[in-house]
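Q: Here's a structure for you.
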Amino acid sequence: MTAQAFAQQALTGGFAEPASQSARAFRMALAVLSQPGTIRQVEGAAPPAPLSVAAGTLLLVLADRSTPLWLAPSHDTRELRDWIAFHVGAPLVAPANAMFILGTWAALQPVDRFPIGRPDYPDRSATLIVETTALNADGPGLRGPGIRGTARLALPEIAAFRENRRLFPLGFDCFFTAGDRIAGLPRSTIVEAA
Amino acid sequence: MTDAAFNFAYLDEQTKRMLRRAILKAVAVPGYQVPFASREMPMPYGWGTGGVQVTAACLVPEDVLKVIDQGADDTTNAVSIRKFFVKTAGVAVTEATADASIIQTRHRIPEHPLTEGQILVFQVPIPEPLRFLEPRETETRKMHELEEYGLMHVKLYEDIARHGAIATSYAYPVRVEGRYVMDPSPIPKFDNPKLDGNPALMLFGAGREQRIYALPPYTRAISLDFEDHPFRPTKADHACSLCGSATSYLDEVITDDRGGRMFVCSDTDFCRSRREAAE
């Protein structure tokens, strides 16, 4: 890669106004995680493919030098590594040591290798940023904290999230991203069997 | 606008990321106290530094902020925190509960029902409900891990044995989603029923103790009790002397040195809006 191409790809696409843009994006992330099934839009990041705007924005809002990150094979590209190195600075590590996990659901398998926290510190668990193509309510019923009655959200599968809920208060937490849209699925949500 | 000497909402971006990660984990495990690296704030511990940090991490420029201290908008703590965020974040402020998108509170939940999308941030002095029963952090952490909450019921039972009723009247413990026992901060137990299934997101920040915890909307938070001594929210047996409300939580105000007293709503916005509506 030439120095010019590098500068065009890796050094651009961050927040223009980090304080206000990350604040707005965080409120969307907080809304979707505290009310599973809701879908919101975020903006600000312009990362290189295959990273979506939403996933790139989440990384800028939440990840930094203190948060080890694992890139699944679907997202482990030279361009993306450079972009993350410049804008986020998160050390890239193995899945078992990561606080943030990024990839498509297929590329994340098997998901039982990610940190689920410890019984005395359940917060020391991974947050998954799962890139999908379809974010909509065409999916299984969701119940639990943040949901009045039942909500619905399209999920890449059901069994893994039911198993994750069985571990509560341990388990990983998920953001789903598609384009500039995000949804959340914390470990506390009960995913109903199909 | 914002004083140029500050980042938006005072805290630097890395600190806000740390806070935001802690808040999200707190939301994912309702009632569990997430440790966080509490910063020194330009106010002493005990003045709401935990709540201020949570509010700072959540604020967006479009927010409308309300700050209350024991229900009142016009007391020292509320006024100084409101001015702090006007200066450092340039956000709009209000005293009307219904108009606020974020409400930071010290020891009350507003009388006016909260709605979906609102965030209520509590200032918490001692986040650990078991602390006065077991001073060692290593032990209380183990007790939460094992759901070993018998000691809390012993404490409530001793209340009954001594006083004939559960005498705990504030910071009354709740069980969140059947799992963690949580200290709702020193709100009167009158407010406890509002914790259960509330449409607003509730965030709790303890600055000195470095803990953040949360109740997402529509989360079960059941006050601990016994079958033969059910939980009962209590208030002074009067009506407000100013607005006449018989259902709101009341403060007792001493009016002279000969035993004179009056009872008034602790929620100043609720009381004023009732009086304005009556005129």
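Within each chain, counting starts at residue 1; across the structure tokens, chains are named A, B, ... in the order shown, with ligands numbered 1 upward in that order.
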Identify, with DSSP run on backbone atoms, the residues in stretch 10-186 of chain A assigned to helix (DSSP H, G or I), and express the list as a PyMOL selection string.
A: chain A and resi 10+18-34+53-62+73-75+78-87+95-97+105-108+111-113+159-166
Q: Enumerate as a PyMOL selection string the residues belonging to chain A that approach chain B to within 10 Å, with only C-alpha atoms taken into account.
A: chain A and resi 18-27+29-31+33-35+60-67+118-127+144-149+168-174+184-189
Q: Using only C-alpha atoms, which of the listed residues (B:Met43, B:Leu156, B:Ala72, B:Met182) sits closest to B:Ile109?
A: B:Ala72
Q: One decimal, Å: what's the distance from atom CA of B:Lys87 over to atom CA of B:Ala37, could you say?
A: 24.0 Å
Q: Tell me which of B:Ala96, B:Leu250, B:Leu114, B:Ile166 sits closest to B:Arg272, counting only C-alpha atoms.
A: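 The answer is B:Ala96, which sits nearest to B:Arg272.
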